[in-house]
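Visitor: My structure is stored as protein_27.cif, with mmCIF, C-alpha atoms.
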```
data_target
#
loop_
_atom_site.label_atom_id
_atom_site.label_comp_id
_atom_site.auth_asym_id
_atom_site.auth_seq_id
_atom_site.Cartn_x
_atom_site.Cartn_y
_atom_site.Cartn_z
CA MET A 1 0.00 0.00 0.00
CA THR A 2 1.34 3.44 -0.95
CA SER A 3 1.23 5.96 1.88
CA GLN A 4 0.16 9.55 1.35
CA PRO A 5 2.43 12.46 2.28
CA ALA A 6 2.69 13.10 6.01
CA ASN A 7 0.39 16.11 6.07
CA GLN A 8 -2.14 16.96 3.39
CA GLY A 9 -1.47 20.65 4.04
CA LEU A 10 2.31 20.19 3.85
CA ASN A 11 2.95 18.53 0.49
CA ARG A 12 5.61 21.03 -0.59
CA ILE A 13 8.83 21.08 1.37
CA LEU A 14 12.20 22.78 1.04
CA VAL A 15 15.07 20.68 2.39
CA ALA A 16 17.97 22.89 3.49
CA GLY A 17 21.43 21.88 4.62
CA ALA A 18 25.04 21.44 3.59
CA SER A 19 24.07 18.46 1.41
CA VAL A 20 20.39 17.51 0.99
CA ARG A 21 20.50 14.65 -1.53
CA TRP A 22 19.37 11.86 0.82
CA ALA A 23 16.59 13.93 2.40
CA ALA A 24 15.31 15.02 -1.03
CA GLN A 25 15.27 11.43 -2.29
CA SER A 26 13.55 10.24 0.88
CA ALA A 27 10.87 12.93 0.58
CA ARG A 28 10.39 12.19 -3.11
CA ARG A 29 9.87 8.52 -2.29
CA ALA A 30 6.94 9.50 -0.05
CA GLY A 31 5.29 11.64 -2.71
CA TYR A 32 6.28 15.15 -1.67
CA SER A 33 6.96 18.04 -4.01
CA VAL A 34 10.59 18.73 -3.11
CA SER A 35 12.71 21.85 -3.41
CA GLY A 36 16.32 21.76 -2.26
CA ILE A 37 19.06 24.19 -1.32
CA ASP A 38 22.60 23.17 -0.39
CA LEU A 39 26.30 23.94 -0.89
CA PHE A 40 27.09 21.46 -3.66
CA GLY A 41 24.26 21.03 -6.16
CA ASP A 42 25.27 17.47 -7.04
CA THR A 43 23.64 15.86 -10.06
CA ASP A 44 21.55 13.36 -8.07
CA THR A 45 20.45 16.09 -5.66
CA ARG A 46 19.14 18.22 -8.51
CA ALA A 47 17.44 15.16 -10.05
CA ALA A 48 15.51 14.54 -6.80
CA CYS A 49 14.24 18.14 -6.61
CA ASP A 50 11.51 19.94 -8.53
CA HIS A 51 13.34 23.17 -7.78
CA PHE A 52 16.93 23.61 -6.64
CA GLN A 53 19.11 26.54 -5.64
CA LEU A 54 22.80 26.58 -4.82
CA LEU A 55 23.51 28.08 -1.41
CA ASP A 56 25.93 31.01 -1.38
CA VAL A 57 27.61 31.47 2.00
CA SER A 58 30.36 33.83 0.86
CA GLY A 59 30.76 37.19 2.54
CA ASP A 60 31.34 38.45 6.07
CA SER A 61 28.24 36.88 7.62
CA PRO A 62 27.68 33.46 6.02
CA GLU A 63 25.07 32.28 8.53
CA ASN A 64 22.90 35.36 8.01
CA ALA A 65 23.34 35.06 4.24
CA ALA A 66 22.22 31.42 4.35
CA ASP A 67 19.19 32.25 6.48
CA GLN A 68 18.10 35.02 4.13
CA GLN A 69 18.61 32.96 0.98
CA ILE A 70 16.69 29.98 2.39
CA ALA A 71 13.83 32.18 3.59
CA SER A 72 13.61 33.85 0.18
CA PHE A 73 13.61 30.51 -1.67
CA SER A 74 10.94 29.19 0.69
CA ALA A 75 8.74 32.18 -0.12
CA GLN A 76 9.27 31.66 -3.84
CA THR A 77 8.34 27.97 -3.76
CA GLY A 78 5.66 28.17 -1.06
CA ALA A 79 7.41 25.30 0.70
CA ALA A 80 8.00 24.70 4.41
CA VAL A 81 11.69 24.55 5.35
CA ILE A 82 13.07 21.30 6.73
CA SER A 83 16.59 21.54 8.20
CA VAL A 84 18.68 18.43 7.59
CA GLY A 85 21.94 19.50 9.16
CA GLY A 86 25.37 20.70 8.19
CA LEU A 87 24.49 24.39 8.58
CA SER A 88 23.86 26.68 11.53
CA LEU A 89 20.43 27.96 10.52
CA GLY A 90 18.49 30.68 12.28
CA PRO A 91 15.92 29.64 14.88
CA TYR A 92 13.06 31.18 12.88
CA LEU A 93 13.40 28.50 10.21
CA LYS A 94 10.81 25.83 10.74
CA GLY A 95 10.64 22.07 10.38
CA GLY A 96 7.05 21.65 9.22
CA HIS A 97 4.98 23.89 11.49
CA ARG A 98 7.25 23.51 14.51
CA PRO A 99 10.24 25.76 15.33
CA ARG A 100 13.52 23.91 14.86
CA PRO A 101 14.79 22.93 18.35
CA LYS A 102 18.28 23.86 19.43
CA ASP A 103 20.79 21.17 20.31
CA PRO A 104 20.96 20.61 24.09
CA THR A 105 23.81 22.30 25.94
CA TRP A 106 26.61 20.19 27.37
CA LYS A 107 25.34 20.81 30.91
CA ARG A 108 21.96 19.37 29.94
CA LEU A 109 23.63 16.36 28.33
CA GLN A 110 25.66 15.79 31.47
CA GLN A 111 22.44 15.81 33.49
CA PHE A 112 20.67 13.39 31.13
CA SER A 113 23.66 11.02 31.18
CA ARG A 114 23.78 10.84 34.97
CA GLN A 115 20.02 10.26 35.18
CA THR A 116 20.14 7.26 32.82
CA GLY A 117 23.41 5.57 33.82
CA PHE A 118 25.70 6.81 31.04
CA GLU A 119 29.06 8.52 31.28
CA PHE A 120 29.76 12.08 30.15
CA PRO A 121 33.29 13.44 29.54
CA GLU A 122 34.70 16.15 31.77
CA THR A 123 33.74 19.42 30.06
CA PHE A 124 33.97 23.16 30.69
CA SER A 125 33.31 26.39 28.82
CA GLY A 126 35.93 27.62 26.38
CA PHE A 127 35.22 31.33 26.00
CA VAL A 128 38.26 33.53 25.34
CA ASP A 129 38.15 35.22 28.76
CA ASN A 130 38.17 31.80 30.41
CA LYS A 131 41.53 30.60 29.03
CA SER A 132 43.40 30.99 32.32
CA HIS A 133 40.88 28.66 33.92
CA ALA A 134 41.26 26.30 30.97
CA ILE A 135 45.03 26.18 31.38
CA GLY A 136 44.58 25.20 35.02
CA GLN A 137 42.06 22.50 34.16
CA ILE A 138 44.00 20.81 31.36
CA THR A 139 46.71 19.12 33.39
CA TRP A 140 46.80 15.54 32.11
CA GLY A 141 45.38 13.38 29.37
CA ARG A 142 44.19 14.51 25.97
CA TRP A 143 41.60 17.23 25.48
CA LEU A 144 39.44 18.44 22.64
CA PHE A 145 38.18 21.91 21.78
CA LYS A 146 34.73 21.82 20.15
CA THR A 147 33.39 24.91 18.43
CA ILE A 148 29.72 25.45 19.24
CA GLY A 149 27.56 25.33 16.11
CA SER A 150 30.06 23.42 13.98
CA THR A 151 28.93 20.19 12.32
CA GLY A 152 30.43 17.01 10.93
CA GLY A 153 33.47 17.16 13.22
CA PHE A 154 34.96 20.15 11.36
CA GLY A 155 35.05 22.21 14.56
CA VAL A 156 36.84 19.61 16.71
CA ARG A 157 40.58 19.80 17.43
CA PHE A 158 43.01 18.44 19.99
CA VAL A 159 44.40 20.92 22.51
CA ASP A 160 46.89 20.82 25.38
CA ALA A 161 47.92 23.17 28.18
CA GLU A 162 51.25 24.04 26.49
CA THR A 163 49.43 25.35 23.42
CA LEU A 164 47.13 27.50 25.54
CA VAL A 165 50.06 28.98 27.51
CA ARG A 166 51.93 29.80 24.30
CA ASP A 167 48.90 31.19 22.47
CA PRO A 168 45.85 31.84 24.71
CA HIS A 169 43.79 32.91 21.69
CA ALA A 170 44.55 29.81 19.61
CA PHE A 171 41.10 28.51 20.42
CA ALA A 172 39.21 31.78 20.36
CA GLY A 173 35.49 31.64 19.84
CA ASN A 174 32.43 30.05 21.30
CA GLY A 175 33.27 26.49 22.23
CA ILE A 176 33.92 23.94 24.95
CA PHE A 177 36.89 21.97 26.20
CA GLN A 178 36.16 18.27 26.63
CA ARG A 179 38.36 15.42 27.79
CA TYR A 180 39.06 12.99 24.95
CA VAL A 181 37.61 9.50 25.40
CA PRO A 182 39.12 6.88 23.06
CA GLY A 183 36.94 4.07 21.79
CA ARG A 184 34.44 3.08 19.13
CA ARG A 185 31.98 5.74 18.06
CA TYR A 186 28.28 5.14 17.48
CA GLY A 187 25.32 7.12 16.20
CA VAL A 188 21.85 6.33 17.58
CA VAL A 189 18.93 7.38 15.36
CA ALA A 190 15.69 8.04 17.26
CA LEU A 191 12.24 9.32 16.34
CA ALA A 192 10.24 11.42 18.79
CA SER A 193 6.50 11.97 18.31
CA ASP A 194 3.42 12.60 20.42
CA ASP A 195 3.12 8.79 20.61
CA GLY A 196 6.52 8.46 22.30
CA THR A 197 10.19 8.10 21.40
CA GLU A 198 11.61 5.08 19.60
CA ILE A 199 15.13 4.09 18.60
CA LEU A 200 15.14 3.20 14.90
CA GLY A 201 18.71 1.97 14.63
CA ILE A 202 22.32 2.19 15.77
CA CYS A 203 25.32 2.56 13.45
CA ARG A 204 29.08 2.62 13.80
CA SER A 205 30.32 6.12 13.02
CA LEU A 206 33.26 6.46 10.65
CA HIS A 207 35.68 9.39 10.92
CA GLN A 208 38.93 10.50 9.36
CA ARG A 209 41.58 13.13 9.96
CA LEU A 210 41.69 16.18 7.72
CA GLY A 211 44.62 18.40 8.67
CA ASP A 212 44.28 19.40 12.34
CA ARG A 213 40.69 18.09 12.50
CA PRO A 214 40.92 14.48 13.73
CA PHE A 215 37.21 13.50 13.74
CA VAL A 216 35.64 14.62 10.48
CA TYR A 217 32.50 12.58 9.82
CA ALA A 218 33.16 10.12 6.98
CA GLY A 219 30.10 7.89 7.07
CA SER A 220 28.23 5.20 8.97
CA ALA A 221 28.09 1.40 9.02
CA GLY A 222 25.06 -0.56 10.14
CA PRO A 223 22.49 -0.83 11.46
CA ILE A 224 24.02 -2.98 14.17
CA ALA A 225 22.10 -6.05 15.25
CA ILE A 226 20.88 -5.38 18.78
CA ALA A 227 20.93 -8.19 21.32
CA THR A 228 19.82 -7.53 24.90
CA GLU A 229 21.19 -5.94 28.02
CA SER A 230 22.91 -9.24 28.86
CA LYS A 231 26.19 -10.29 27.30
CA SER A 232 26.06 -12.20 24.03
CA SER A 233 28.62 -14.25 22.14
CA ASP A 234 29.31 -11.21 19.92
CA PRO A 235 30.54 -8.25 22.00
CA SER A 236 29.62 -5.81 19.22
CA THR A 237 25.93 -6.54 19.81
CA ASP A 238 26.02 -5.85 23.56
CA ILE A 239 24.06 -2.62 23.24
CA PRO A 240 22.39 -1.14 26.37
CA ILE A 241 19.20 -0.67 24.38
CA GLN A 242 16.85 -0.19 27.34
CA ARG A 243 18.99 2.57 28.84
CA LEU A 244 19.41 4.15 25.41
CA GLN A 245 15.65 4.15 25.01
CA ARG A 246 15.19 5.88 28.38
CA LEU A 247 17.84 8.46 27.50
CA ALA A 248 16.31 9.19 24.08
CA PHE A 249 12.88 9.66 25.65
CA ARG A 250 14.21 11.98 28.36
CA VAL A 251 16.14 14.10 25.84
CA ALA A 252 13.16 14.40 23.47
CA GLU A 253 10.69 15.34 26.19
CA SER A 254 12.98 17.74 28.04
CA GLU A 255 14.18 19.51 24.87
CA ASN A 256 10.81 19.49 23.05
CA ILE A 257 12.21 17.53 20.10
CA ARG A 258 9.88 16.02 17.54
CA GLY A 259 11.01 14.07 14.50
CA LEU A 260 14.31 12.37 13.78
CA PHE A 261 17.29 13.13 16.00
CA ASN A 262 20.69 11.61 16.69
CA LEU A 263 22.69 10.78 19.81
CA ASP A 264 26.47 10.35 19.45
CA PHE A 265 28.36 8.00 21.76
CA VAL A 266 31.81 6.55 22.27
CA ARG A 267 32.20 3.09 23.80
CA ASP A 268 35.51 2.65 25.64
CA THR A 269 37.59 -0.46 26.25
CA GLU A 270 35.85 -1.04 29.60
CA ASP A 271 32.47 -1.18 27.81
CA ARG A 272 31.34 2.15 29.23
CA TRP A 273 29.12 4.29 27.00
CA TRP A 274 29.90 8.02 26.93
CA LEU A 275 27.33 10.47 25.53
CA LEU A 276 29.10 13.08 23.38
CA GLU A 277 26.34 15.15 21.80
CA VAL A 278 22.76 15.24 20.57
CA ASN A 279 21.77 16.63 17.16
CA ALA A 280 18.11 17.64 17.00
CA ARG A 281 17.70 16.90 13.28
CA PRO A 282 18.14 14.03 10.82
CA SER A 283 21.72 12.75 10.74
CA GLY A 284 24.01 11.22 8.13
CA SER A 285 23.27 7.72 9.39
CA CYS A 286 19.54 8.08 8.64
CA GLU A 287 20.22 7.02 5.06
CA VAL A 288 21.80 3.76 6.23
CA ILE A 289 18.84 3.05 8.52
CA GLU A 290 16.35 3.84 5.74
CA GLN A 291 18.06 1.78 3.03
CA ALA A 292 18.32 -1.23 5.34
CA ALA A 293 14.62 -0.85 6.19
CA ILE A 294 13.70 -0.73 2.50
CA ARG A 295 15.75 -3.83 1.71
CA SER A 296 14.20 -5.80 4.55
CA GLY A 297 10.62 -4.69 3.81
CA VAL A 298 10.12 -2.54 6.91
CA LEU A 299 9.43 0.39 4.59
CA SER A 300 7.21 -0.34 1.60
CA ASP A 301 6.80 1.67 -1.58
CA GLY A 302 5.84 5.26 -0.80
CA GLN A 303 7.16 5.15 2.77
CA SER A 304 10.32 6.88 4.01
CA LEU A 305 12.09 8.26 7.05
CA ILE A 306 11.48 11.86 6.01
CA GLN A 307 7.77 11.01 5.86
CA MET A 308 8.00 9.67 9.43
CA HIS A 309 9.97 12.76 10.42
CA LEU A 310 7.30 15.12 9.11
CA ASN A 311 4.47 13.05 10.57
CA ALA A 312 6.08 13.39 13.98
CA ILE A 313 6.75 17.13 13.61
CA ASN A 314 3.16 17.83 12.66
CA GLY A 315 1.58 15.71 15.38
CA ASN A 316 0.20 13.04 13.06
CA PRO A 317 -0.20 9.51 14.45
CA ARG A 318 2.39 6.86 13.67
CA VAL A 319 1.24 4.76 10.71
CA ILE A 320 4.43 2.82 9.94
CA PRO A 321 5.21 0.04 12.43
CA TRP A 322 8.96 -0.28 12.97
CA ARG A 323 11.12 -3.31 13.50
CA SER A 324 14.87 -3.84 13.49
CA SER A 325 16.51 -4.68 10.18
CA HIS A 326 19.24 -7.29 9.79
CA ASP A 327 20.46 -5.82 6.51
CA THR A 328 23.69 -3.85 6.82
CA LEU A 329 25.32 -1.20 4.68
CA VAL A 330 28.39 1.02 4.73
CA LYS A 331 28.07 4.68 3.80
CA ARG A 332 31.45 6.30 3.15
CA ILE A 333 32.03 9.95 2.32
CA VAL A 334 35.18 10.18 0.19
CA TYR A 335 37.33 13.28 0.68
CA SER A 336 39.83 14.36 -1.93
CA SER A 337 43.54 13.93 -1.28
CA HIS A 338 44.40 16.63 -3.86
CA ALA A 339 42.90 19.47 -5.87
CA GLY A 340 41.60 18.90 -9.37
CA TYR A 341 38.49 18.44 -11.50
CA PHE A 342 35.92 15.68 -11.14
CA VAL A 343 35.45 13.10 -13.90
CA ARG A 344 32.92 10.40 -13.10
CA PRO A 345 34.68 7.05 -12.56
CA SER A 346 33.88 3.91 -14.49
CA GLU A 347 31.34 1.43 -13.19
CA LEU A 348 31.81 0.34 -9.59
CA CYS A 349 31.20 -3.17 -8.27
CA ASP A 350 27.59 -4.40 -8.32
CA SER A 351 27.17 -4.00 -4.57
CA ALA A 352 28.19 -0.31 -4.50
CA GLN A 353 26.38 2.91 -5.40
CA LEU A 354 28.02 6.26 -6.09
CA LEU A 355 25.99 9.11 -4.60
CA ASP A 356 26.36 12.87 -4.17
CA VAL A 357 27.91 12.91 -7.64
CA PRO A 358 29.27 16.24 -8.95
CA SER A 359 28.94 17.24 -12.58
CA ASP A 360 31.93 16.39 -14.73
CA GLY A 361 34.43 19.23 -14.61
CA THR A 362 33.45 20.41 -11.13
CA PRO A 363 36.54 21.80 -9.32
CA ILE A 364 37.36 19.88 -6.13
CA GLN A 365 39.67 21.26 -3.47
CA ALA A 366 42.04 19.10 -1.42
CA GLY A 367 40.17 17.89 1.67
CA ALA A 368 36.75 18.59 0.15
CA PRO A 369 34.14 15.83 -0.26
CA VAL A 370 34.19 14.17 -3.69
CA ALA A 371 31.21 11.79 -3.53
CA THR A 372 29.59 9.20 -1.27
CA LEU A 373 29.79 5.42 -1.53
CA LEU A 374 26.95 3.20 -0.33
CA LEU A 375 28.01 -0.43 -0.17
CA ARG A 376 25.69 -3.34 0.52
CA THR A 377 27.18 -6.08 2.70
CA GLU A 378 26.22 -9.65 3.47
CA ARG A 379 22.98 -9.89 5.41
CA GLY A 380 23.49 -9.99 9.14
CA SER A 381 27.12 -8.86 8.98
CA THR A 382 28.41 -5.95 11.02
CA PRO A 383 30.89 -4.04 8.84
CA GLU A 384 33.90 -2.64 10.59
CA VAL A 385 36.17 0.21 9.61
CA GLU A 386 37.93 0.07 6.28
CA GLN A 387 41.11 -1.70 7.31
CA ASN A 388 38.91 -4.75 8.00
CA PHE A 389 36.79 -4.22 4.90
CA PRO A 390 39.00 -4.42 1.77
CA PRO A 391 36.29 -3.70 -0.88
CA MET A 392 35.68 -0.26 0.59
CA ARG A 393 39.37 0.67 0.57
CA SER A 394 39.59 -0.10 -3.13
CA LEU A 395 36.43 1.86 -3.90
CA VAL A 396 37.66 4.89 -1.96
CA ARG A 397 40.87 4.94 -4.02
CA GLN A 398 38.79 4.68 -7.19
CA VAL A 399 36.67 7.68 -6.25
CA GLN A 400 39.69 9.73 -5.18
CA ALA A 401 41.28 9.00 -8.57
CA ALA A 402 38.21 10.59 -10.19
CA VAL A 403 39.64 13.99 -9.13
CA GLN A 404 42.00 14.61 -12.01
CA LEU A 405 44.68 17.26 -12.13
CA GLY A 406 43.86 20.14 -14.46
#
```
Please rewrite the model in this file as structure tokens.
Guide:
Amino acid sequence: MTSQPANQGLNRILVAGASVRWAAQSARRAGYSVSGIDLFGDTDTRAACDHFQLLDVSGDSPENAADQQIASFSAQTGAAVISVGGLSLGPYLKGGHRPRPKDPTWKRLQQFSRQTGFEFPETFSGFVDNKSHAIGQITWGRWLFKTIGSTGGFGVRFVDAETLVRDPHAFAGNGIFQRYVPGRRYGVVALASDDGTEILGICRSLHQRLGDRPFVYAGSAGPIAIATESKSSDPSTDIPIQRLQRLAFRVAESENIRGLFNLDFVRDTEDRWWLLEVNARPSGSCEVIEQAAIRSGVLSDGQSLIQMHLNAINGNPRVIPWRSSHDTLVKRIVYSSHAGYFVRPSELCDSAQLLDVPSDGTPIQAGAPVATLLLRTERGSTPEVEQNFPPMRSLVRQVQAAVQLG
């Protein structure tokens, strides 16, 4: 049975973000009239949109410029704005008919973690006039400076007391200092509605270093098969799902979140789960969750995660029953190792899709995203990072080679 769009009065939407291809395709699948605005204008993004506009964030005030351009495009198309991440958009922009919620502050996250039995890293404010306090606090171990409002790991850097003593303004700006916790990183996708909050899936988060930024988001692998609170024969499936469910519910209710949102964790060698941040919008791992659900029949024709997102935002009842999927995929954002011009590579292996594809001849800077790989894996497998997954390494090199020197 084909589902109708989430809200009969909200059939036209404008998806806005750094890259909106997945959200536009998901909305199109559910029958929406889709407009899109992002920073790249990739070929498959434009193909998924009835109307598209390239976002211009040049100038002295890029955030204000983005807000104004999005608001103007929304007025032109008569479409409600849906924020899908990657940009710091003004609070007046709306997801459906509901103001876009702000991400919870670190003090709120610390409180939520303690209430539900999770760890939270030692954290303190990083304003410029607080650097003397910061120097006194950073005495041992490794620390991170996280710029407030940054996305995708681009605002995260390592810092130490020696650097702060030598150059107190090296980390100027609005941010926080947080003790680094090594371990495996996970993204938890949840959906909050008037009917309650439900975890839709959990993925391994993939990151890579770009210059002095050690944790740039590079994709997701999953969804991970979830066992129970008790130990299983496969340690990777020992997910504290009941506590995660309680945490997701508490965050959604306390922060007035409706729709898709994401909780980022790191799991250390002692099997402790540390909450790092909450993003009150659809995340990069939503595509992995959705594609696995489509493959396993959880989502039928005409159903999508963006449809569920908008249903929740607009207070509509849940009409799509959810169950865990045992299909697994790897989504890998490929960053360029050098500057050049994009030329679409030859056919990839049958199990891989090339997404977020630039037009031939598009200039690509070193360190900029080239395209995205989506690789289907054997059913029931839990893909690890690339050094344990040779097909992905080869595909990444193939995509990087598509950036040819001019």
Visitor: Let me know the residues the PyMOL selection byres ((chain A and resi 148) around 7) catches in the file above, as number ranges by chain.
Guide: A: 146-147, 149-150, 174-175
Visitor: I need the residue set behind the PyMOL selection byres ((chain A and resi 397) around 12) for this file; please write it as number ranges by chain.
Guide: A: 332-337, 345, 348, 370-371, 373, 386, 390-396, 398-403
Visitor: Write the selection just made, keeping C-alpha atoms, as a compact mmCIF listing (two decimals), in the frame of the given file?
Guide:
```
# COMPACT_ATOMS: atom_id res chain seq x y z
CA ARG A 332 31.45 6.30 3.15
CA ILE A 333 32.03 9.95 2.32
CA VAL A 334 35.18 10.18 0.19
CA TYR A 335 37.33 13.28 0.68
CA SER A 336 39.83 14.36 -1.93
CA SER A 337 43.54 13.93 -1.28
CA PRO A 345 34.68 7.05 -12.56
CA LEU A 348 31.81 0.34 -9.59
CA VAL A 370 34.19 14.17 -3.69
CA ALA A 371 31.21 11.79 -3.53
CA LEU A 373 29.79 5.42 -1.53
CA GLU A 386 37.93 0.07 6.28
CA PRO A 390 39.00 -4.42 1.77
CA PRO A 391 36.29 -3.70 -0.88
CA MET A 392 35.68 -0.26 0.59
CA ARG A 393 39.37 0.67 0.57
CA SER A 394 39.59 -0.10 -3.13
CA LEU A 395 36.43 1.86 -3.90
CA VAL A 396 37.66 4.89 -1.96
CA GLN A 398 38.79 4.68 -7.19
CA VAL A 399 36.67 7.68 -6.25
CA GLN A 400 39.69 9.73 -5.18
CA ALA A 401 41.28 9.00 -8.57
CA ALA A 402 38.21 10.59 -10.19
CA VAL A 403 39.64 13.99 -9.13
```
Visitor: Would you give the centre and edge lengths, in Å to one decimal, of a box along x, y and z around the listed atoms of region 34-38 of chain A, with 3 Å added to each side, as JSON?
Guide:
```
{"center_x": 16.6, "center_y": 21.5, "center_z": -1.9, "size_x": 18.0, "size_y": 11.5, "size_z": 9.0}
```
Visitor: Skipping near chain neighbours, those fewer than 4 positions away, what residues fall within 8 Å of His309 (chain A) using only C-alpha atoms, listed as an MDAnalysis selection string?
Guide: chainID A and resid 191 258:260 305 313
Visitor: Looking at A:Thr269, A:Gly155, A:Ala248, A:Gln76, which one is nearest to Leu210 (chain A), with distances taken over only C-alpha atoms?
Guide: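 Of A:Thr269, A:Gly155, A:Ala248, A:Gln76, the one nearest Leu210 (chain A), counting only C-alpha atoms, is A:Gly155.
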Visitor: Find the residues around region 195-197 of chain A up to 8 Å (all atoms listed in the file counted), leave out those fewer than 6 positions away in its own chain, and share them as an mmCIF file with C-alpha atoms, keeping the file's coordinate frame.
Guide:
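This went into result10.cif:
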```cif
data_model
loop_
_atom_site.group_PDB
_atom_site.id
_atom_site.type_symbol
_atom_site.label_atom_id
_atom_site.label_comp_id
_atom_site.auth_asym_id
_atom_site.auth_seq_id
_atom_site.Cartn_x
_atom_site.Cartn_y
_atom_site.Cartn_z
ATOM 1 C CA GLN A 245 15.650 4.150 25.010
ATOM 2 C CA ALA A 248 16.310 9.190 24.080
ATOM 3 C CA PHE A 249 12.880 9.660 25.650
ATOM 4 C CA ALA A 252 13.160 14.400 23.470
ATOM 5 C CA PRO A 317 -0.200 9.510 14.450
ATOM 6 C CA ARG A 318 2.390 6.860 13.670
#
```
Visitor: Can you turn the PyMOL selection byres ((chain A and resi 14) around 8) into a concrete residue list for this file, as a list of chain:residue names?
Guide: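 Answer for the PyMOL selection byres ((chain A and resi 14) around 8): A:Arg12, A:Ile13, A:Val15, A:Ala16, A:Val34, A:Ser35, A:Gly36, A:Ile37, A:Ser74, A:Ala79, A:Ala80, A:Val81, A:Ile82.
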Visitor: Write to file, as a CSV table (one decimal), in the coordinates of the input, the residues of the selection just made, with C-alpha atoms.
Guide:
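selection_37.csv was written with the following content:
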```csv
chain,number,residue,atom,x,y,z
A,12,ARG,CA,5.6,21.0,-0.6
A,13,ILE,CA,8.8,21.1,1.4
A,15,VAL,CA,15.1,20.7,2.4
A,16,ALA,CA,18.0,22.9,3.5
A,34,VAL,CA,10.6,18.7,-3.1
A,35,SER,CA,12.7,21.8,-3.4
A,36,GLY,CA,16.3,21.8,-2.3
A,37,ILE,CA,19.1,24.2,-1.3
A,74,SER,CA,10.9,29.2,0.7
A,79,ALA,CA,7.4,25.3,0.7
A,80,ALA,CA,8.0,24.7,4.4
A,81,VAL,CA,11.7,24.6,5.4
A,82,ILE,CA,13.1,21.3,6.7
```
Visitor: Could you please give me, as a PDB file with C-alpha atoms, in the coordinates of the input, the residues of protein, DNA or RNA lying at most 12 Å from (12.7, 18.4, 27.6) in the coordinate frame of the file, considering only C-alpha atoms?
Guide:
```
ATOM      1  CA  PRO A 101      14.790  22.930  18.350  1.00  0.00           C
ATOM      2  CA  LYS A 102      18.280  23.860  19.430  1.00  0.00           C
ATOM      3  CA  ASP A 103      20.790  21.170  20.310  1.00  0.00           C
ATOM      4  CA  PRO A 104      20.960  20.610  24.090  1.00  0.00           C
ATOM      5  CA  THR A 105      23.810  22.300  25.940  1.00  0.00           C
ATOM      6  CA  ARG A 108      21.960  19.370  29.940  1.00  0.00           C
ATOM      7  CA  LEU A 109      23.630  16.360  28.330  1.00  0.00           C
ATOM      8  CA  GLN A 111      22.440  15.810  33.490  1.00  0.00           C
ATOM      9  CA  PHE A 112      20.670  13.390  31.130  1.00  0.00           C
ATOM     10  CA  ALA A 192      10.240  11.420  18.790  1.00  0.00           C
ATOM     11  CA  LEU A 247      17.840   8.460  27.500  1.00  0.00           C
ATOM     12  CA  ALA A 248      16.310   9.190  24.080  1.00  0.00           C
ATOM     13  CA  PHE A 249      12.880   9.660  25.650  1.00  0.00           C
ATOM     14  CA  ARG A 250      14.210  11.980  28.360  1.00  0.00           C
ATOM     15  CA  VAL A 251      16.140  14.100  25.840  1.00  0.00           C
ATOM     16  CA  ALA A 252      13.160  14.400  23.470  1.00  0.00           C
ATOM     17  CA  GLU A 253      10.690  15.340  26.190  1.00  0.00           C
ATOM     18  CA  SER A 254      12.980  17.740  28.040  1.00  0.00           C
ATOM     19  CA  GLU A 255      14.180  19.510  24.870  1.00  0.00           C
ATOM     20  CA  ASN A 256      10.810  19.490  23.050  1.00  0.00           C
ATOM     21  CA  ILE A 257      12.210  17.530  20.100  1.00  0.00           C
ATOM     22  CA  ARG A 258       9.880  16.020  17.540  1.00  0.00           C
ATOM     23  CA  ALA A 280      18.110  17.640  17.000  1.00  0.00           C
TER      24      ALA A 280
END
```
Visitor: Which residue is closest to Asp327 (chain A)? Choose from A:Gly201, A:Gly284, A:Pro369, A:Pro358 and count only C-alpha atoms.
Guide: A:Gly201
Visitor: If I take CA of Val319 (chain A) and CA of Ile294 (chain A), how far is one from the other in Å, to one decimal?
Guide: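 Result for CA of Val319 (chain A) versus CA of Ile294 (chain A): 15.9 Å, one decimal.
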Visitor: Find, counting all atoms listed in the file, the residue in A:Trp273, A:Val298, A:Leu405, A:Ser220 that gets nearest to Leu374 (chain A).
Guide: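 Checking each of A:Trp273, A:Val298, A:Leu405, A:Ser220 against Leu374 (chain A), counting all atoms listed in the file, the winner is A:Ser220.
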Visitor: Which residue out of A:Ile364, A:Ile202, A:Val159, A:Leu375 has the minimum interatomic distance to Ser325 (chain A) when only C-alpha atoms are used?
Guide: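 Selected residue with least distance to Ser325 (chain A): A:Ile202.
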Visitor: For a test of reading the model, state the distance in Å between CA of Val20 (chain A) and CA of Phe73 (chain A), rounded to one decimal.
Guide: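 Between CA of Val20 (chain A) and CA of Phe73 (chain A) the gap works out to 14.9 Å.
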Visitor: Just how far from CA of Ser19 (chain A) is CA of Val357 (chain A), in Å to one decimal?
Guide: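 Separation of CA of Val357 (chain A) and CA of Ser19 (chain A): 11.3 Å.
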Visitor: With distances taken over all atoms listed in the file, which residue among A:Asn279, A:Ser296, A:Gln404, A:Ser58 lies nearest Val84 (chain A)?
Guide: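 Going through A:Asn279, A:Ser296, A:Gln404, A:Ser58 one by one, the smallest distance to Val84 (chain A) is for A:Asn279.
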Visitor: Taking 4 positions as the minimum chain separation for residues in the same chain, which residues sit within 7 Å of Leu329 (chain A) when counting only C-alpha atoms? Answer as a PyMOL selection string.
Guide: chain A and resi 221-222+288+374-377
Visitor: How about saving the chosen residues, C-alpha atoms kept, as a PDB file, in the coordinates of the input?
Guide:
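The result, written out as again_3.pdb:
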```
ATOM      1  CA  ALA A 221      28.090   1.400   9.020  1.00  0.00           C
ATOM      2  CA  GLY A 222      25.060  -0.560  10.140  1.00  0.00           C
ATOM      3  CA  VAL A 288      21.800   3.760   6.230  1.00  0.00           C
ATOM      4  CA  LEU A 374      26.950   3.200  -0.330  1.00  0.00           C
ATOM      5  CA  LEU A 375      28.010  -0.430  -0.170  1.00  0.00           C
ATOM      6  CA  ARG A 376      25.690  -3.340   0.520  1.00  0.00           C
ATOM      7  CA  THR A 377      27.180  -6.080   2.700  1.00  0.00           C
TER       8      THR A 377
END
```
